[in-house]
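Structure file target.csv with CSV, N, CA and C atoms:
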chain,number,residue,atom,x,y,z
A,1,MET,N,85.0,144.9,121.0
A,1,MET,CA,84.6,143.5,120.8
A,1,MET,C,84.8,143.0,119.4
A,2,ASP,N,84.6,143.9,118.4
A,2,ASP,CA,84.8,143.4,117.1
A,2,ASP,C,86.2,143.1,116.8
A,3,ASN,N,87.1,143.9,117.4
A,3,ASN,CA,88.5,143.7,117.2
A,3,ASN,C,89.0,142.3,117.8
A,4,ILE,N,88.4,141.9,118.9
A,4,ILE,CA,88.7,140.6,119.5
A,4,ILE,C,88.3,139.5,118.6
A,5,LEU,N,87.1,139.6,118.1
A,5,LEU,CA,86.5,138.5,117.2
A,5,LEU,C,87.4,138.5,115.9
A,6,LEU,N,87.8,139.6,115.4
A,6,LEU,CA,88.6,139.7,114.2
A,6,LEU,C,90.0,139.0,114.4
A,7,ASN,N,90.6,139.4,115.6
A,7,ASN,CA,91.9,138.8,115.9
A,7,ASN,C,91.8,137.3,116.2
A,8,VAL,N,90.7,136.8,116.9
A,8,VAL,CA,90.6,135.4,117.1
A,8,VAL,C,90.3,134.7,115.8
A,9,SER,N,89.6,135.2,114.9
A,9,SER,CA,89.3,134.6,113.6
A,9,SER,C,90.6,134.5,112.8
A,10,ALA,N,91.4,135.6,112.8
A,10,ALA,CA,92.7,135.6,112.1
A,10,ALA,C,93.6,134.5,112.7
A,11,VAL,N,93.6,134.3,114.0
A,11,VAL,CA,94.5,133.3,114.6
A,11,VAL,C,94.0,131.9,114.2
A,12,VAL,N,92.7,131.7,114.2
A,12,VAL,CA,92.1,130.4,113.8
A,12,VAL,C,92.4,130.1,112.4
A,13,VAL,N,92.3,131.0,111.5
A,13,VAL,CA,92.5,130.8,110.1
A,13,VAL,C,94.0,130.5,109.9
A,14,ALA,N,94.9,131.2,110.6
A,14,ALA,CA,96.3,131.0,110.5
A,14,ALA,C,96.7,129.6,111.0
A,15,LEU,N,96.0,129.1,112.1
A,15,LEU,CA,96.3,127.8,112.6
A,15,LEU,C,95.8,126.7,111.6
A,16,VAL,N,94.7,126.9,111.0
A,16,VAL,CA,94.1,126.0,110.0
A,16,VAL,C,95.1,125.9,108.8
A,17,VAL,N,95.5,127.0,108.3
A,17,VAL,CA,96.4,127.0,107.2
A,17,VAL,C,97.7,126.4,107.5
A,18,SER,N,98.2,126.7,108.7
A,18,SER,CA,99.5,126.1,109.2
A,18,SER,C,99.4,124.6,109.3
A,19,TYR,N,98.3,124.1,109.8
A,19,TYR,CA,98.1,122.7,110.0
A,19,TYR,C,98.0,122.0,108.6
A,20,PHE,N,97.3,122.6,107.6
A,20,PHE,CA,97.2,122.1,106.3
A,20,PHE,C,98.6,122.0,105.6
A,21,VAL,N,99.4,123.0,105.8
A,21,VAL,CA,100.8,123.0,105.2
A,21,VAL,C,101.6,121.9,105.9
A,22,PHE,N,101.5,121.8,107.2
A,22,PHE,CA,102.2,120.8,107.9
A,22,PHE,C,101.8,119.4,107.4
A,23,TRP,N,100.5,119.1,107.3
A,23,TRP,CA,100.0,117.9,106.9
A,23,TRP,C,100.5,117.5,105.4
A,24,TYR,N,100.4,118.5,104.6
A,24,TYR,CA,100.8,118.3,103.2
A,24,TYR,C,102.2,118.0,103.1
A,25,ARG,N,103.1,118.7,103.8
A,25,ARG,CA,104.5,118.5,103.7
A,25,ARG,C,104.8,117.1,104.2
A,26,ASN,N,104.1,116.6,105.2
A,26,ASN,CA,104.4,115.2,105.8
A,26,ASN,C,103.9,114.1,104.8
A,27,HIS,N,102.9,114.4,104.0
A,27,HIS,CA,102.3,113.4,103.1
A,27,HIS,C,102.6,113.7,101.6
A,28,LYS,N,103.5,114.6,101.3
A,28,LYS,CA,103.8,115.0,100.0
A,28,LYS,C,104.3,113.8,99.2
A,29,THR,N,105.2,113.0,99.8
A,29,THR,CA,105.8,111.9,99.1
A,29,THR,C,104.7,110.9,98.7
A,30,GLU,N,103.8,110.6,99.6
A,30,GLU,CA,102.7,109.6,99.4
A,30,GLU,C,101.8,110.2,98.3
A,31,ILE,N,101.5,111.5,98.3
A,31,ILE,CA,100.6,112.1,97.4
A,31,ILE,C,101.3,112.0,96.0
A,32,ASP,N,102.5,112.3,95.9
A,32,ASP,CA,103.2,112.3,94.6
A,32,ASP,C,103.3,110.9,94.0
A,33,LYS,N,103.5,109.9,94.9
A,33,LYS,CA,103.5,108.5,94.4
A,33,LYS,C,102.1,108.1,93.8
A,34,LYS,N,101.1,108.5,94.5
A,34,LYS,CA,99.7,108.1,94.0
A,34,LYS,C,99.5,108.9,92.7
A,35,ARG,N,99.9,110.1,92.6
A,35,ARG,CA,99.7,110.9,91.4
A,35,ARG,C,100.5,110.2,90.2
A,36,ALA,N,101.7,109.8,90.5
A,36,ALA,CA,102.5,109.2,89.4
A,36,ALA,C,101.9,107.9,89.0
A,37,LYS,N,101.4,107.1,89.9
A,37,LYS,CA,100.7,105.9,89.6
A,37,LYS,C,99.5,106.1,88.8
A,38,GLY,N,98.7,107.1,89.1
A,38,GLY,CA,97.5,107.5,88.3
A,38,GLY,C,97.9,108.0,86.9
A,39,ASP,N,99.0,108.7,86.8
A,39,ASP,CA,99.5,109.2,85.5
A,39,ASP,C,99.9,108.0,84.7
A,40,ALA,N,100.6,107.1,85.3
A,40,ALA,CA,101.1,105.9,84.6
A,40,ALA,C,99.9,105.0,84.1
A,41,LEU,N,98.8,104.9,84.9
A,41,LEU,CA,97.6,104.2,84.5
A,41,LEU,C,96.9,104.9,83.3
A,42,ALA,N,96.8,106.2,83.4
A,42,ALA,CA,96.2,106.9,82.3
A,42,ALA,C,97.0,106.7,81.0
A,43,PHE,N,98.3,106.7,81.1
A,43,PHE,CA,99.2,106.5,79.9
A,43,PHE,C,98.9,105.1,79.4
A,44,VAL,N,98.8,104.1,80.2
A,44,VAL,CA,98.5,102.7,79.8
A,44,VAL,C,97.2,102.7,79.0
A,45,VAL,N,96.2,103.3,79.5
A,45,VAL,CA,94.9,103.3,78.9
A,45,VAL,C,95.0,104.0,77.5
A,46,ASP,N,95.7,105.1,77.5
A,46,ASP,CA,95.9,105.9,76.3
A,46,ASP,C,96.6,105.1,75.2
A,47,THR,N,97.6,104.4,75.6
A,47,THR,CA,98.5,103.7,74.6
A,47,THR,C,98.0,102.3,74.3
A,48,LEU,N,97.1,101.7,75.0
A,48,LEU,CA,96.7,100.3,74.8
A,48,LEU,C,96.2,100.1,73.4
A,49,GLY,N,95.4,100.9,72.8
A,49,GLY,CA,95.0,100.7,71.4
A,49,GLY,C,96.1,100.7,70.4
A,50,GLN,N,97.1,101.5,70.6
A,50,GLN,CA,98.3,101.6,69.7
A,50,GLN,C,99.1,100.3,69.9
A,51,VAL,N,99.3,99.9,71.1
A,51,VAL,CA,100.1,98.7,71.4
A,51,VAL,C,99.4,97.5,70.8
A,52,ALA,N,98.0,97.4,71.0
A,52,ALA,CA,97.3,96.3,70.5
A,52,ALA,C,97.3,96.2,69.0
A,53,THR,N,97.2,97.4,68.3
A,53,THR,CA,97.2,97.4,66.9
A,53,THR,C,98.6,96.9,66.4
A,54,ASN,N,99.7,97.3,67.0
A,54,ASN,CA,101.0,96.9,66.6
A,54,ASN,C,101.1,95.4,66.7
A,55,VAL,N,100.7,94.8,67.9
A,55,VAL,CA,100.8,93.4,68.1
A,55,VAL,C,99.9,92.6,67.1
A,56,VAL,N,98.7,93.1,66.9
A,56,VAL,CA,97.8,92.4,65.9
A,56,VAL,C,98.4,92.4,64.5
A,57,TYR,N,99.0,93.5,64.1
A,57,TYR,CA,99.7,93.4,62.8
A,57,TYR,C,100.9,92.5,62.8
A,58,ASP,N,101.6,92.5,63.9
A,58,ASP,CA,102.8,91.6,64.0
A,58,ASP,C,102.3,90.1,63.9
A,59,LEU,N,101.2,89.8,64.5
A,59,LEU,CA,100.7,88.4,64.5
A,59,LEU,C,99.8,88.1,63.3
A,60,LYS,N,99.6,89.0,62.4
A,60,LYS,CA,98.7,88.8,61.3
A,60,LYS,C,99.0,87.6,60.4
A,61,ASP,N,100.3,87.3,60.2
A,61,ASP,CA,100.7,86.2,59.3
A,61,ASP,C,101.2,85.0,60.1
A,62,SER,N,100.9,85.0,61.4
A,62,SER,CA,101.4,83.8,62.1
A,62,SER,C,100.5,82.6,61.8
A,63,SER,N,100.9,81.4,62.2
A,63,SER,CA,100.2,80.2,61.8
A,63,SER,C,99.1,79.9,62.8
A,64,GLU,N,99.0,80.6,63.9
A,64,GLU,CA,97.9,80.3,64.9
A,64,GLU,C,96.6,80.9,64.3
A,65,LYS,N,95.5,80.4,64.9
A,65,LYS,CA,94.2,80.8,64.5
A,65,LYS,C,93.4,81.3,65.7
A,66,GLY,N,92.5,82.2,65.5
A,66,GLY,CA,91.5,82.6,66.5
A,66,GLY,C,92.0,82.8,67.9
A,67,ALA,N,91.5,81.9,68.8
A,67,ALA,CA,91.8,82.1,70.2
A,67,ALA,C,93.2,82.0,70.5
A,68,GLU,N,94.0,81.1,69.8
A,68,GLU,CA,95.4,81.0,70.1
A,68,GLU,C,96.1,82.3,69.8
A,69,LYS,N,95.8,82.9,68.7
A,69,LYS,CA,96.4,84.1,68.3
A,69,LYS,C,96.0,85.2,69.3
A,70,LYS,N,94.8,85.2,69.8
A,70,LYS,CA,94.4,86.2,70.7
A,70,LYS,C,95.2,86.1,72.0
A,71,GLU,N,95.3,84.8,72.5
A,71,GLU,CA,96.1,84.6,73.7
A,71,GLU,C,97.6,85.0,73.5
A,72,GLN,N,98.1,84.8,72.4
A,72,GLN,CA,99.5,85.2,72.1
A,72,GLN,C,99.6,86.7,72.1
A,73,ALA,N,98.6,87.4,71.6
A,73,ALA,CA,98.5,88.8,71.6
A,73,ALA,C,98.4,89.4,73.0
A,74,LYS,N,97.6,88.7,73.8
A,74,LYS,CA,97.5,89.1,75.2
A,74,LYS,C,98.8,89.1,76.0
A,75,VAL,N,99.5,87.9,75.7
A,75,VAL,CA,100.8,87.7,76.4
A,75,VAL,C,101.8,88.8,75.9
A,76,LYS,N,101.8,89.1,74.6
A,76,LYS,CA,102.7,90.1,74.1
A,76,LYS,C,102.4,91.5,74.7
A,77,ILE,N,101.1,91.8,74.8
A,77,ILE,CA,100.7,93.1,75.3
A,77,ILE,C,101.1,93.3,76.8
A,78,LYS,N,100.8,92.2,77.6
A,78,LYS,CA,101.1,92.2,79.0
A,78,LYS,C,102.6,92.3,79.2
A,79,SER,N,103.4,91.6,78.4
A,79,SER,CA,104.8,91.6,78.6
A,79,SER,C,105.4,93.0,78.2
A,80,PHE,N,104.8,93.6,77.2
A,80,PHE,CA,105.2,95.0,76.8
A,80,PHE,C,105.1,95.9,78.0
A,81,TYR,N,104.0,95.9,78.7
A,81,TYR,CA,103.8,96.8,79.8
A,81,TYR,C,104.7,96.4,81.0
A,82,ALA,N,104.9,95.1,81.2
A,82,ALA,CA,105.8,94.7,82.3
A,82,ALA,C,107.2,95.1,82.0
A,83,ASP,N,107.6,95.0,80.8
A,83,ASP,CA,109.0,95.4,80.4
A,83,ASP,C,109.2,96.9,80.6
A,84,ALA,N,108.1,97.7,80.3
A,84,ALA,CA,108.1,99.1,80.5
A,84,ALA,C,107.9,99.6,81.9
A,85,HIS,N,107.7,98.6,82.8
A,85,HIS,CA,107.4,98.9,84.3
A,85,HIS,C,106.2,99.8,84.4
A,86,LEU,N,105.2,99.5,83.7
A,86,LEU,CA,103.9,100.2,83.7
A,86,LEU,C,102.9,99.3,84.3
A,87,PRO,N,101.8,99.8,84.9
A,87,PRO,CA,100.7,98.9,85.4
A,87,PRO,C,100.1,98.2,84.2
A,88,ALA,N,99.8,96.9,84.4
A,88,ALA,CA,99.2,96.1,83.3
A,88,ALA,C,97.7,96.4,83.3
A,89,PRO,N,97.2,96.6,82.0
A,89,PRO,CA,95.7,96.8,81.9
A,89,PRO,C,95.0,95.5,82.2
A,90,SER,N,93.7,95.5,82.5
A,90,SER,CA,93.0,94.4,82.9
A,90,SER,C,92.8,93.5,81.6
A,91,ASP,N,92.4,92.2,81.9
A,91,ASP,CA,92.2,91.3,80.8
A,91,ASP,C,91.1,91.8,79.9
A,92,ALA,N,90.0,92.3,80.5
A,92,ALA,CA,88.9,92.8,79.7
A,92,ALA,C,89.4,94.0,78.8
A,93,GLN,N,90.2,94.9,79.3
A,93,GLN,CA,90.7,96.0,78.5
A,93,GLN,C,91.6,95.5,77.3
A,94,VAL,N,92.4,94.5,77.6
A,94,VAL,CA,93.3,94.0,76.6
A,94,VAL,C,92.5,93.3,75.5
A,95,SER,N,91.5,92.5,75.9
A,95,SER,CA,90.6,91.8,75.0
A,95,SER,C,89.9,92.7,74.1
A,96,GLY,N,89.3,93.8,74.7
A,96,GLY,CA,88.6,94.8,73.9
A,96,GLY,C,89.5,95.5,72.9
A,97,ALA,N,90.7,95.8,73.3
A,97,ALA,CA,91.7,96.5,72.5
A,97,ALA,C,92.1,95.6,71.3
A,98,ILE,N,92.3,94.3,71.6
A,98,ILE,CA,92.7,93.4,70.5
A,98,ILE,C,91.5,93.2,69.5
A,99,GLU,N,90.3,93.1,70.0
A,99,GLU,CA,89.2,92.9,69.1
A,99,GLU,C,89.0,94.2,68.2
A,100,LYS,N,89.1,95.3,68.8
A,100,LYS,CA,89.0,96.6,68.1
A,100,LYS,C,90.1,96.7,67.0
A,101,ALA,N,91.3,96.3,67.4
A,101,ALA,CA,92.5,96.3,66.5
A,101,ALA,C,92.2,95.4,65.3
A,102,VAL,N,91.7,94.2,65.6
A,102,VAL,CA,91.4,93.2,64.5
A,102,VAL,C,90.3,93.7,63.6
A,103,ALA,N,89.3,94.3,64.2
A,103,ALA,CA,88.2,94.9,63.3
A,103,ALA,C,88.8,96.0,62.4
A,104,ILE,N,89.6,96.9,63.0
A,104,ILE,CA,90.2,97.9,62.2
A,104,ILE,C,91.1,97.4,61.1
A,105,MET,N,91.8,96.4,61.4
A,105,MET,CA,92.7,95.7,60.4
A,105,MET,C,91.9,95.1,59.3
A,106,LYS,N,90.8,94.4,59.6
A,106,LYS,CA,90.0,93.8,58.6
A,106,LYS,C,89.3,94.8,57.7
A,107,LEU,N,88.9,95.9,58.3
A,107,LEU,CA,88.3,97.0,57.5
A,107,LEU,C,89.3,97.6,56.6
A,108,SER,N,90.5,97.9,57.1
A,108,SER,CA,91.5,98.5,56.2
A,108,SER,C,91.9,97.5,55.1
A,109,ASN,N,91.9,96.2,55.4
A,109,ASN,CA,92.2,95.3,54.3
A,109,ASN,C,91.1,95.2,53.3
A,110,GLU,N,89.9,95.3,53.7
A,110,GLU,CA,88.8,95.3,52.8
A,110,GLU,C,88.8,96.5,51.9
A,111,GLY,N,89.1,97.6,52.5
A,111,GLY,CA,89.2,98.9,51.8
A,111,GLY,C,90.2,98.9,50.7
A,112,GLY,N,91.3,98.2,51.0
A,112,GLY,CA,92.4,98.1,50.0
A,112,GLY,C,92.1,97.2,48.9
A,113,LYS,N,91.2,96.2,49.1
A,113,LYS,CA,90.8,95.2,48.1
A,113,LYS,C,89.8,95.9,47.1
A,114,ASN,N,89.1,96.9,47.5
A,114,ASN,CA,88.1,97.5,46.7
A,114,ASN,C,88.7,98.5,45.7
A,115,GLU,N,89.9,98.9,46.0
A,115,GLU,CA,90.5,99.9,45.1
A,115,GLU,C,91.1,99.4,43.9

Now that the file is in, can you turn its structure into structure tokens?
Amino acid sequence: MDNILLNVSAVVVALVVSYFVFWYRNHKTEIDKKRAKGDALAFVVDTLGQVATNVVYDLKDSSEKGAEKKEQAKVKIKSFYADAHLPAPSDAQVSGAIEKAVAIMKLSNEGGKNE
């Protein structure tokens, strides 16, 4: 009796593993696309601060003021990601990155004046 239960259990486990392998092979392309999209989004979030800092420094001496300069920075950041064929960060993420970059730039400028 124990042999029969052991054999049936082995067959059931083999069927379950076989089905999982079959399912995974049929959905592998879809899984890989989602993983690549997630990796691209993580890369966008990681690089957003660096891109915003570069754009803010590029626009530092432009003639626009305040909100106009921020809008121009948003456009440049969004076009950067579009040109790179990466997912675009949300407007809130872009605004936050720009504000943080401006604050860092102002702090670094103040630090240079004190020396």

Exercise for the section: Would you mind listing what lies within 6 Å of Pro87 of chain A as number ranges by chain, with all atoms listed in the file counted and same-chain residues fewer than 3 positions away left out? Expected result: A: 40-41, 81

Practice task
Skip Asp46 of chain A itself and residues of its chain fewer than 6 positions away, then list as a ChimeraX atom specification all residues within 12 Å of it, counting only C-alpha atoms.
Solution key: /A:39-40,52,89,93,97

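Taking atom CA of Gly49 of chain A and atom CA of Lys100 of chain A as the two end points, the separation is 8.0 Å.
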
Handout entry: Selection near Lys69 of chain A, 12 Å with only C-alpha atoms, sequence-local residues under 3 positions removed, as number ranges by chain
Key = A: 55-66, 72-76, 95, 98-99, 102

Practice task
Calculate how many Å separate atom C of Gly38 of chain A from atom N of Met105 of chain A, rounding to one decimal.
Solution key: 28.7 Å
